[in-house]
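Asker: You'll find run.txt just under this line, and it carries compact mmCIF, C-alpha atoms.
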# COMPACT_ATOMS: atom_id res chain seq x y z
CA MET M 24 -35.65 58.96 47.52
CA LEU M 25 -33.39 59.28 44.46
CA THR M 26 -31.51 56.16 45.47
CA ALA M 27 -34.73 54.25 45.80
CA ILE M 28 -35.81 55.40 42.36
CA LEU M 29 -32.51 54.27 40.78
CA MET M 30 -32.42 50.89 42.48
CA VAL M 31 -34.90 49.31 40.04
CA PRO M 32 -32.91 50.04 36.84
CA LEU M 33 -29.61 49.26 38.57
CA ILE M 34 -30.85 45.88 39.74
CA GLY M 35 -32.43 45.28 36.33
CA SER M 36 -29.15 46.06 34.53
CA ALA M 37 -27.20 43.75 36.80
CA GLY M 38 -29.80 41.07 36.30
CA VAL M 39 -29.60 41.40 32.53
CA ALA M 40 -25.84 40.86 32.69
CA VAL M 41 -26.20 37.81 34.93
CA ASP M 42 -28.95 36.21 32.85
CA PHE M 43 -27.14 36.83 29.53
CA ALA M 44 -23.89 35.47 30.95
CA HIS M 45 -25.75 32.36 32.06
CA ALA M 46 -27.34 31.97 28.63
CA LEU M 47 -23.96 32.40 26.89
CA SER M 48 -22.42 29.77 29.17
CA LEU M 49 -25.13 27.28 28.19
CA ARG M 50 -24.70 28.20 24.51
CA THR M 51 -20.96 27.47 24.75
CA GLN M 52 -21.73 24.08 26.27
CA LEU M 53 -24.22 23.27 23.52
CA TYR M 54 -21.73 24.40 20.86
CA ALA M 55 -19.20 21.93 22.27
CA ALA M 56 -21.79 19.16 22.06
CA ALA M 57 -22.67 20.17 18.49
CA ASP M 58 -18.99 20.19 17.47
CA ALA M 59 -18.49 16.72 18.94
CA ALA M 60 -21.58 15.46 17.15
CA ALA M 61 -20.68 16.99 13.78
CA VAL M 62 -17.15 15.55 13.86
CA GLY M 63 -17.92 12.22 15.52
CA ALA M 64 -20.74 11.30 13.17
CA ILE M 65 -18.45 11.39 10.12
CA SER M 66 -15.14 10.16 11.53
CA ALA M 67 -13.05 7.70 9.55
CA LYS M 68 -14.48 4.66 11.35
CA SER M 69 -18.04 5.94 11.65
CA ALA M 70 -21.11 4.18 10.29
CA ALA M 71 -21.70 7.18 8.02
CA ALA M 72 -18.25 6.84 6.44
CA THR M 73 -18.85 3.13 5.84
CA ALA M 74 -22.26 3.84 4.34
CA ALA M 75 -20.82 6.60 2.13
CA MET M 76 -18.25 4.18 0.66
CA LYS M 77 -21.10 1.90 -0.46
CA MET M 78 -23.25 4.64 -2.00
CA THR M 79 -23.36 4.95 -5.77
CA ILE M 80 -24.93 8.43 -5.78
CA ASP M 81 -24.74 11.47 -3.52
CA GLY M 82 -27.37 12.06 -0.87
CA PRO M 83 -28.27 12.06 2.85
CA ILE M 84 -27.05 9.37 5.24
CA SER M 85 -29.65 8.54 7.86
CA THR M 86 -27.36 6.47 10.07
CA GLY M 87 -25.02 9.46 10.32
CA GLN M 88 -27.87 11.70 11.34
CA ASP M 89 -28.90 9.29 14.10
CA ASP M 90 -25.33 9.00 15.36
CA ALA M 91 -24.88 12.79 15.40
CA ARG M 92 -28.07 13.27 17.38
CA ASN M 93 -27.05 10.61 19.91
CA ILE M 94 -23.58 12.12 20.32
CA PHE M 95 -25.07 15.59 20.82
CA VAL M 96 -27.39 14.40 23.57
CA SER M 97 -24.62 12.46 25.32
CA GLN M 98 -22.37 15.54 25.31
CA MET M 99 -24.97 18.00 26.66
CA GLN M 100 -24.11 19.74 29.93
CA GLY M 101 -25.91 22.21 32.23
CA GLU M 102 -29.50 22.25 33.37
CA LEU M 103 -31.08 22.07 29.91
CA THR M 104 -32.48 18.65 29.03
CA ALA M 105 -32.74 17.07 25.61
CA SER M 106 -36.44 17.86 25.49
CA GLN M 107 -35.70 21.58 25.93
CA VAL M 108 -33.27 21.79 23.01
CA ALA M 109 -34.36 21.56 19.38
CA VAL M 110 -31.69 19.89 17.23
CA ASP M 111 -31.51 19.71 13.45
CA VAL M 112 -28.94 17.29 11.99
CA GLN M 113 -27.87 16.90 8.37
CA VAL M 114 -25.34 14.31 7.19
CA SER M 115 -24.77 13.71 3.49
CA ARG M 116 -22.27 12.60 0.91
CA ALA M 117 -21.22 14.87 -1.95
CA SER M 118 -18.68 13.30 -4.30
CA ASN M 119 -15.84 12.05 -2.08
CA LYS M 120 -16.72 14.35 0.81
CA LEU M 121 -18.87 13.63 3.82
CA ASN M 122 -20.57 16.72 5.26
CA SER M 123 -22.35 17.14 8.58
CA SER M 124 -24.27 20.01 10.14
CA VAL M 125 -25.68 20.11 13.70
CA SER M 126 -27.90 23.10 14.59
CA PHE M 127 -29.52 23.76 17.97
CA THR M 128 -32.00 26.24 19.43
CA ALA M 129 -33.21 26.60 23.02
CA SER M 130 -34.90 29.05 25.38
CA VAL M 131 -33.06 29.66 28.65
CA PRO M 132 -35.27 30.73 31.62
CA THR M 133 -34.24 34.06 33.18
CA THR M 134 -34.08 35.03 36.85
CA PHE M 135 -33.47 38.74 37.27
CA MET M 136 -34.80 39.80 33.88
CA GLN M 137 -38.25 38.65 34.87
CA VAL M 138 -38.44 41.93 36.81
CA LEU M 139 -38.37 43.63 33.41
CA GLY M 140 -40.89 41.18 31.93
CA ARG M 141 -38.35 38.96 30.06
CA LYS M 142 -38.87 35.32 31.02
CA THR M 143 -36.44 33.61 28.56
CA VAL M 144 -33.35 34.24 26.43
CA ASP M 145 -33.14 32.42 23.09
CA ILE M 146 -29.81 30.81 22.12
CA SER M 147 -28.81 28.99 18.92
CA GLY M 148 -25.82 27.84 16.93
CA THR M 149 -24.58 25.57 14.13
CA ALA M 150 -21.50 23.35 13.98
CA THR M 151 -20.31 21.86 10.68
CA ALA M 152 -17.66 19.34 9.69
CA THR M 153 -16.32 17.86 6.46
CA PHE M 154 -14.49 14.58 6.07
CA GLN M 155 -12.88 13.46 2.84
CA THR M 156 -13.77 9.82 2.43
CA ALA M 157 -11.16 7.22 1.54
CA SER M 158 -10.42 6.80 -2.14
CA PHE M 159 -11.40 3.74 -4.13
CA ILE M 160 -8.20 2.30 -5.60
CA ASP M 161 -7.45 -0.52 -8.00
CA PHE M 162 -3.95 -1.94 -7.47
CA TYR M 163 -2.18 -3.73 -10.32
CA ILE M 164 0.81 -5.51 -8.75
CA LEU M 165 3.46 -6.31 -11.36
CA ILE M 166 6.06 -8.74 -10.04
CA ASP M 167 9.36 -9.27 -11.81
CA ASN M 168 9.78 -13.06 -11.73
CA THR M 169 12.47 -13.30 -14.40
CA PRO M 170 15.61 -15.40 -13.79
CA SER M 171 17.50 -12.52 -12.13
CA MET M 172 14.91 -12.66 -9.31
CA GLY M 173 16.23 -16.15 -8.61
CA VAL M 174 19.16 -14.67 -6.74
CA GLY M 175 19.36 -15.34 -3.01
CA ALA M 176 17.17 -13.00 -0.98
CA THR M 177 19.92 -12.04 1.48
CA PRO M 178 23.73 -12.03 1.45
CA ALA M 179 23.61 -15.23 3.51
CA ASP M 180 21.42 -16.90 0.86
CA VAL M 181 23.77 -15.70 -1.89
CA ALA M 182 26.77 -17.10 -0.03
CA LEU M 183 25.04 -20.45 0.47
CA MET M 184 24.18 -20.70 -3.23
CA GLU M 185 27.77 -19.91 -4.18
CA GLN M 186 28.94 -22.61 -1.76
CA LYS M 187 26.54 -25.26 -3.12
CA THR M 188 27.06 -24.68 -6.86
CA PRO M 189 30.16 -25.93 -8.72
CA ASP M 190 30.71 -22.59 -10.49
CA THR M 191 29.82 -20.44 -7.41
CA CYS M 192 26.66 -19.20 -9.13
CA ALA M 193 24.26 -17.20 -6.95
CA PHE M 194 21.36 -17.59 -9.38
CA ALA M 195 18.88 -20.44 -8.92
CA CYS M 196 18.04 -21.06 -12.57
CA HIS M 197 14.71 -22.89 -12.87
CA ILE M 198 15.16 -25.35 -15.73
CA VAL M 199 12.09 -27.03 -17.19
CA SER M 200 12.29 -28.53 -20.68
CA GLU M 201 9.98 -27.56 -23.53
CA THR M 202 8.08 -30.80 -22.83
CA GLY M 203 7.61 -29.92 -19.17
CA VAL M 204 10.32 -32.12 -17.61
CA VAL M 205 11.88 -30.54 -14.52
CA ASP M 206 15.65 -30.74 -14.23
CA LYS M 207 16.14 -32.11 -10.72
CA ASN M 208 19.79 -31.02 -10.78
CA SER M 209 19.08 -27.41 -11.71
CA TYR M 210 20.30 -24.67 -9.40
CA TYR M 211 16.67 -23.91 -8.57
CA ASN M 212 16.35 -27.34 -7.00
CA ILE M 213 19.71 -26.93 -5.27
CA ALA M 214 18.26 -23.82 -3.64
CA ARG M 215 15.09 -25.64 -2.65
CA ASN M 216 16.98 -28.63 -1.23
CA ASN M 217 19.23 -26.40 0.87
CA GLY M 218 16.64 -24.03 2.27
CA VAL M 219 17.80 -21.04 0.26
CA THR M 220 15.21 -18.27 0.09
CA LEU M 221 15.08 -16.57 -3.29
CA ARG M 222 14.12 -12.99 -3.89
CA VAL M 223 11.03 -14.02 -5.85
CA ASP M 224 9.92 -16.06 -2.80
CA VAL M 225 10.13 -13.03 -0.55
CA VAL M 226 8.23 -10.86 -3.03
CA ARG M 227 5.47 -13.47 -3.27
CA GLN M 228 5.17 -13.66 0.51
CA ALA M 229 5.25 -9.87 0.80
CA THR M 230 2.44 -9.56 -1.74
CA GLN M 231 0.31 -11.98 0.24
CA LYS M 232 1.03 -10.05 3.42
CA LEU M 233 -0.01 -6.89 1.60
CA THR M 234 -3.51 -8.27 1.12
CA GLU M 235 -3.83 -8.57 4.90
CA THR M 236 -2.77 -4.94 5.36
CA ALA M 237 -5.25 -3.82 2.71
CA LYS M 238 -8.05 -5.65 4.55
CA THR M 239 -7.12 -3.88 7.78
CA GLU M 240 -6.83 -0.43 6.21
CA ARG M 241 -9.88 -0.42 3.97
CA ALA M 242 -12.93 1.57 5.04
CA SER M 243 -15.30 -0.81 3.25
CA GLU M 244 -15.00 -4.21 1.60
CA ASN M 245 -15.24 -2.67 -1.87
CA GLN M 246 -12.64 0.08 -1.39
CA PHE M 247 -9.62 -1.79 -2.78
CA LYS M 248 -9.22 -4.14 -5.70
CA MET M 249 -5.98 -6.00 -6.24
CA GLY M 250 -4.65 -7.82 -9.25
CA VAL M 251 -1.32 -9.65 -9.58
CA TYR M 252 0.78 -10.07 -12.73
CA THR M 253 4.17 -11.53 -13.61
CA PHE M 254 6.48 -11.33 -16.61
CA GLY M 255 5.57 -14.90 -17.61
CA LYS M 256 5.65 -18.53 -16.52
CA LYS M 257 8.34 -19.73 -18.89
CA ALA M 258 10.95 -18.14 -21.10
CA GLU M 259 9.54 -19.80 -24.23
CA ASP M 260 6.41 -17.68 -23.78
CA ALA M 261 7.64 -14.65 -21.82
CA ASN M 262 4.45 -12.63 -22.00
CA LEU M 263 2.61 -10.90 -19.21
CA THR M 264 0.79 -13.48 -17.10
CA THR M 265 -2.32 -12.69 -15.07
CA ILE M 266 -2.15 -14.38 -11.69
CA SER M 267 -5.29 -12.60 -10.50
CA ALA M 268 -7.36 -9.93 -12.21
CA PRO M 269 -8.27 -7.02 -9.88
CA ILE M 270 -10.93 -8.19 -7.41
CA THR M 271 -12.17 -7.06 -3.99
CA ASP M 272 -11.89 -10.55 -2.46
CA LEU M 273 -8.38 -10.05 -1.08
CA ASP M 274 -8.28 -13.53 0.47
CA LYS M 275 -8.62 -15.00 -3.01
CA VAL M 276 -5.86 -12.71 -4.28
CA ALA M 277 -3.56 -14.06 -1.55
CA THR M 278 -4.42 -17.64 -2.55
CA TYR M 279 -3.91 -17.00 -6.26
CA THR M 280 -0.52 -15.44 -5.50
CA ASN M 281 0.77 -18.86 -4.47
CA ALA M 282 1.21 -19.37 -8.22
CA VAL M 283 3.94 -16.70 -8.39
CA THR M 284 7.24 -18.48 -8.91
CA LEU M 285 10.46 -18.02 -10.83
CA MET M 286 10.17 -17.99 -14.61
CA SER M 287 11.53 -21.25 -16.00
CA ILE M 288 14.02 -21.66 -18.83
CA PRO M 289 14.36 -24.83 -20.96
CA ARG M 290 18.17 -24.81 -20.70
CA GLN M 291 21.09 -22.65 -19.69
CA GLY M 292 21.70 -19.84 -22.15
CA TYR M 293 18.25 -20.18 -23.73
CA ASN M 294 17.51 -17.31 -26.11
CA ASN M 295 20.86 -15.82 -25.09
CA ASP M 296 19.35 -15.30 -21.58
CA GLN M 297 17.01 -12.57 -22.85
CA GLN M 298 13.97 -12.92 -20.61
CA THR M 299 13.44 -9.50 -18.98
CA SER M 300 11.62 -7.02 -21.18
CA PHE M 301 10.34 -4.08 -19.14
CA ASP M 302 9.40 -2.46 -22.44
CA SER M 303 6.99 -5.25 -23.31
CA SER M 304 5.56 -5.74 -19.80
CA LEU M 305 4.87 -2.05 -19.20
CA THR M 306 3.34 -1.69 -22.66
CA GLN M 307 1.00 -4.62 -21.95
CA MET M 308 0.09 -3.21 -18.51
CA ASN M 309 -0.80 0.09 -20.17
CA LYS M 310 -3.34 -1.79 -22.28
CA ILE M 311 -4.76 -3.72 -19.33
CA ILE M 312 -5.24 -0.74 -17.00
CA SER M 313 -8.33 1.21 -17.98
CA THR M 314 -8.74 4.97 -17.64
CA PRO M 315 -8.34 5.98 -13.97
CA GLY M 316 -10.93 8.02 -12.08
CA ASP M 317 -10.66 10.38 -9.12
CA GLY M 318 -11.36 7.66 -6.56
CA SER M 319 -14.62 9.21 -5.39
CA THR M 320 -16.77 6.15 -6.16
CA GLU M 321 -16.32 2.47 -6.84
CA ALA M 322 -17.11 3.19 -10.49
CA GLN M 323 -14.33 5.82 -10.66
CA PRO M 324 -11.34 4.23 -8.87
CA GLN M 325 -7.83 5.55 -8.94
CA LYS M 326 -5.41 3.18 -10.68
CA ILE M 327 -2.04 2.28 -9.16
CA LEU M 328 0.61 0.15 -10.85
CA PHE M 329 2.58 -1.38 -7.98
CA PHE M 330 5.83 -2.42 -9.64
CA VAL M 331 8.35 -4.69 -7.84
CA SER M 332 11.64 -5.38 -9.60
CA ASP M 333 15.44 -5.35 -9.42
CA GLY M 334 15.45 -2.87 -12.30
CA VAL M 335 17.69 -4.65 -14.83
CA GLY M 336 16.35 -5.30 -18.30
CA ASP M 337 17.69 -8.12 -20.48
CA SER M 338 16.07 -8.44 -23.88
CA GLN M 339 16.53 -8.10 -27.59
CA LYS M 340 16.19 -4.50 -28.73
CA SER M 341 17.81 -2.18 -31.22
CA ASN M 342 17.80 1.07 -29.22
CA CYS M 343 19.83 -0.21 -26.27
CA THR M 344 21.39 2.39 -23.97
CA LYS M 345 24.36 0.14 -23.09
CA PRO M 346 26.85 -1.96 -25.07
CA LYS M 347 25.26 -5.13 -26.45
CA THR M 348 26.37 -8.68 -27.08
CA GLY M 349 24.86 -9.30 -30.48
CA GLU M 350 21.21 -8.27 -30.14
CA ARG M 351 21.18 -8.84 -26.38
CA CYS M 352 20.55 -5.62 -24.47
CA GLN M 353 21.30 -5.46 -20.76
CA GLU M 354 20.45 -2.06 -19.28
CA PRO M 355 18.61 -0.28 -16.47
CA ILE M 356 14.87 0.11 -17.01
CA ASP M 357 13.96 2.35 -19.94
CA VAL M 358 11.74 4.97 -18.26
CA SER M 359 10.19 6.06 -21.55
CA PHE M 360 7.87 3.03 -21.18
CA CYS M 361 6.67 4.31 -17.80
CA LYS M 362 5.60 7.66 -19.25
CA PRO M 363 2.50 6.53 -21.21
CA LEU M 364 0.96 5.14 -18.03
CA LYS M 365 1.65 8.28 -16.03
CA ASP M 366 0.41 10.50 -18.86
CA ARG M 367 -2.97 8.75 -18.57
CA GLY M 368 -3.17 9.44 -14.85
CA VAL M 369 -2.04 6.01 -13.66
CA LYS M 370 0.23 6.35 -10.63
CA ILE M 371 3.27 4.08 -10.55
CA ALA M 372 4.52 2.94 -7.15
CA VAL M 373 7.97 1.40 -7.53
CA LEU M 374 9.61 -0.93 -5.06
CA TYR M 375 13.20 -1.38 -6.16
CA THR M 376 14.63 -4.60 -4.74
CA THR M 377 18.30 -3.60 -4.76
CA TYR M 378 20.29 -5.55 -7.31
CA LEU M 379 22.88 -7.26 -5.14
CA PRO M 380 26.51 -7.07 -6.29
CA LEU M 381 27.85 -10.51 -7.23
CA PRO M 382 31.65 -10.03 -7.25
CA LYS M 383 32.33 -13.73 -7.87
CA ASN M 384 30.17 -13.76 -11.01
CA SER M 385 32.04 -12.87 -14.20
CA TRP M 386 28.84 -12.05 -16.09
CA TYR M 387 27.84 -9.55 -13.40
CA ASN M 388 31.29 -7.96 -13.36
CA SER M 389 31.34 -7.55 -17.14
CA TRP M 390 27.79 -6.40 -17.89
CA ILE M 391 25.89 -5.23 -14.81
CA LYS M 392 28.53 -3.70 -12.54
CA PRO M 393 29.33 -0.86 -15.01
CA PHE M 394 25.78 0.56 -14.66
CA GLN M 395 24.93 -0.69 -11.14
CA ASN M 396 24.77 2.86 -9.75
CA GLU M 397 22.29 3.98 -12.43
CA ILE M 398 19.64 1.38 -11.58
CA PRO M 399 18.02 3.10 -8.56
CA THR M 400 17.92 6.46 -10.34
CA LYS M 401 16.12 4.96 -13.32
CA MET M 402 13.65 3.11 -11.10
CA GLN M 403 12.90 6.30 -9.20
CA ASN M 404 12.35 8.16 -12.47
CA CYS M 405 9.80 5.51 -13.45
CA ALA M 406 7.84 6.09 -10.25
CA SER M 407 5.25 8.80 -9.69
CA PRO M 408 6.43 11.58 -7.34
CA GLY M 409 6.74 10.34 -3.78
CA LEU M 410 6.00 6.70 -4.67
CA TYR M 411 9.48 5.19 -4.82
CA PHE M 412 11.03 2.90 -2.24
CA GLU M 413 14.33 1.03 -2.34
CA VAL M 414 14.75 -1.97 -0.11
CA THR M 415 17.96 -3.74 0.85
CA PRO M 416 18.02 -7.32 2.13
CA THR M 417 18.53 -6.12 5.71
CA GLN M 418 15.41 -3.92 5.60
CA GLY M 419 12.97 -6.59 4.49
CA ILE M 420 10.85 -6.58 1.36
CA THR M 421 7.62 -7.23 3.29
CA ASP M 422 8.05 -4.13 5.45
CA ALA M 423 8.98 -2.06 2.42
CA MET M 424 5.88 -3.12 0.49
CA GLN M 425 3.72 -2.29 3.51
CA ALA M 426 5.30 1.16 3.83
CA LEU M 427 4.85 1.93 0.14
CA PHE M 428 1.24 0.74 0.18
CA LEU M 429 0.38 2.92 3.18
CA LYS M 430 2.05 5.87 1.50
CA VAL M 431 -0.15 5.37 -1.56
CA ILE M 432 -3.45 5.20 0.31
CA ARG M 433 -2.61 8.12 2.60
CA MET M 434 -1.56 10.51 -0.13
CA PRO M 435 -3.70 13.67 -0.54
CA ARG M 436 -6.69 12.70 -2.64
CA ILE M 437 -8.20 14.47 -5.62
CA THR M 438 -11.29 16.53 -4.76
CA SER M 439 -13.75 18.20 -7.06
Output the file's structure in the form of structure tokens.
Answerer:
Amino acid sequence: MLTAILMVPLIGSAGVAVDFAHALSLRTQLYAAADAAAVGAISAKSAAATAAMKMTIDGPISTGQDDARNIFVSQMQGELTASQVAVDVQVSRASNKLNSSVSFTASVPTTFMQVLGRKTVDISGTATATFQTASFIDFYILIDNTPSMGVGATPADVALMEQKTPDTCAFACHIVSETGVVDKNSYYNIARNNGVTLRVDVVRQATQKLTETAKTERASENQFKMGVYTFGKKAEDANLTTISAPITDLDKVATYTNAVTLMSIPRQGYNNDQQTSFDSSLTQMNKIISTPGDGSTEAQPQKILFFVSDGVGDSQKSNCTKPKTGERCQEPIDVSFCKPLKDRGVKIAVLYTTYLPLPKNSWYNSWIKPFQNEIPTKMQNCASPGLYFEVTPTQGITDAMQALFLKVIRMPRITS
């Protein structure tokens, strides 16, 4: 009799355990679906992320909410159907963060607990996710196109230039008179007639290739702007030249970049060969680049000066760090002119195109060789932390520019 009396509570207790275990199993399955929905709806390539990049103010993103709901339903497992589960989805942008929340509630029918009068067990849960959206970035690409960038792009090109020139000169000087007459016998034309690739050619091609990478990597068509600048078209007017102001149409930037060529000089020895003023170019870039933002919106883009050069200055200046010939100052880049940009929050990404030794050139041996080893250190000091890359001819300038660009856009971003 006692056993019979105890059977009811014993069976009821066992039934409670079975029904609750079943309910917890279904809750775990729904949590997995909610997690997948919360994360999937705001992934890097999601419609919500694309929509967020186009928004000018914070707020909800309906397309993300629809995607999250669809993902949740597709991930549901067990006997519960979509109609039996109430789902609340929130997807919104706040500054440069994309937030999602997927909450669910459901009533699971019981089996054994019905003996005790309990027909259902309620389950619920919430999964959340946060994704930091890609930063908006304006790139200002400053290309050194001064005569020293007329050196052969590879040792083989240097050797060919030395073979084809009467004084074994590796530099393809681009001579155009003050009246615009091109010297057909200049070393620049010797290079062109003999298929010699110059360093400035490779940098131009690498810049154009960079626009293709930017198109592939951008999360939206308005994420990146690119502008291209050189040190000048001709030595008589060696001032910063705008090839393309920063724009989002990267195909146009690539087309405009066809205009990047070696700075011309009217004659050998013009202005005592003083055509490379980093001081002047960096000062002018500091005026062109407006105050940078945190990259959270198109109106507040980060600003990156992408600087490509062989790092050797050659200009007239009084405070030269190396011995001068008259007023001519040949020295590694003066990093004090990089500081004003960085102090304003502009990041400087430096691609140092290694200054190739020219042992057969007396000018190189007398003036550049003594400080050759200092050049990369100075260029690295000009760069913002982590944004320096040196490329040798065997590595390839195009690959180096790609690597540096990807490093810039994948750096940890500023958050509020």
Asker: Considering only C-alpha atoms, state which residue in the set M:Ile420, M:Ala182, M:Met99, M:Ile311 is at the smallest distance from Thr377 (chain M).
Answerer: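 Nearest candidate to Thr377 (chain M) out of M:Ile420, M:Ala182, M:Met99, M:Ile311: M:Ile420.
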Asker: Between M:Pro393, M:Pro170, M:Gly349, M:Gly101, which one has atoms that come closest to Thr284 (chain M), using all atoms listed in the file?
Answerer: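 With all atoms listed in the file as the atom set, the closest residue is M:Pro170.
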Asker: Taking all atoms listed in the file into account, name the residue in M:Asn245, M:Val131, M:Phe360, M:Asn281 that is nearest to Thr79 (chain M).
Answerer: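 Of M:Asn245, M:Val131, M:Phe360, M:Asn281, the one nearest Thr79 (chain M), counting all atoms listed in the file, is M:Asn245.
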Asker: Would you mind reading off the distance between CA of Ile327 (chain M) and CA of Asn122 (chain M), one decimal, in Å?
Answerer: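 Straight-line distance from CA of Ile327 (chain M) to CA of Asn122 (chain M) works out to 27.6 Å.
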Asker: Considering only C-alpha atoms, return as number ranges by chain whatever protein or nucleic-acid residues lie within 8 Å of region 251-259 of chain M, sequence-local ones (same chain, fewer than 4 positions apart) excluded.
Answerer: M: 163-169, 201, 263-269, 276, 280, 283-289, 298-299, 304
Asker: Would you please work out which residue, of M:Lys383, M:Lys326, M:Arg50, M:Arg227, is nearest to Gln186 (chain M) when using all atoms listed in the file?
Answerer: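 Among the listed residues, M:Lys383 lies closest to Gln186 (chain M).
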Asker: Report, in Å to a single decimal, how far apart CA of Val112 (chain M) and CA of Ser48 (chain M) are.
Answerer: 22.2 Å
Asker: Report the distance between CA of Lys310 (chain M) and CA of Asp161 (chain M) in Å, rounded to one decimal place.
Answerer: 14.9 Å
Asker: With all atoms listed in the file as the atoms that count, which of M:Ser66, M:Thr177, M:Thr51, M:Ser158 lies nearest to Gly87 (chain M)?
Answerer: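 The closest residue to Gly87 (chain M) is M:Ser66.
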Asker: Using all atoms listed in the file, find the one residue out of M:Phe127, M:Asp89, M:Thr73, M:Gln155 that sits nearest to Tyr54 (chain M).
Answerer: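 Ranking M:Phe127, M:Asp89, M:Thr73, M:Gln155 by distance to Tyr54 (chain M), first place goes to M:Phe127.
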Asker: Please list as a list in words every residue within 10 Å of Leu328 (chain M), counting only C-alpha atoms and excluding residues in the same chain fewer than 2 positions away.
Answerer: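 In the requested form, the answer reads Asp161, Phe162, Tyr163, Ile164, Leu165, Gly250, Leu305, Met308, Asn309, Ile312, Lys326, Phe330, Val331, Leu364, Lys365, Val369, Lys370, Ile371, Ala372, Val373, Ala406 and Ser407 of chain M.
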Asker: List as an NGL selection string the protein and nucleic acid residues near Pro399 (chain M), meaning an atom at most 10 Å away when all atoms listed in the file are counted, but skip any in the same chain fewer than 2 places from it.
Answerer: :M and (333-335 or 355-356 or 374-378 or 395-397 or 401-405 or 411-413)
Asker: Can you tell me, as a list in words, what residues are no more than 10 Å from Glu235 (chain M) when counting all atoms listed in the file, ignoring any on the same chain fewer than 4 positions away?
Answerer: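 Once the nearby chain positions are removed, what remains is Thr230, Gln231, Thr239, Glu240, Leu273, Asp274, Ala277 and Gln425 of chain M.
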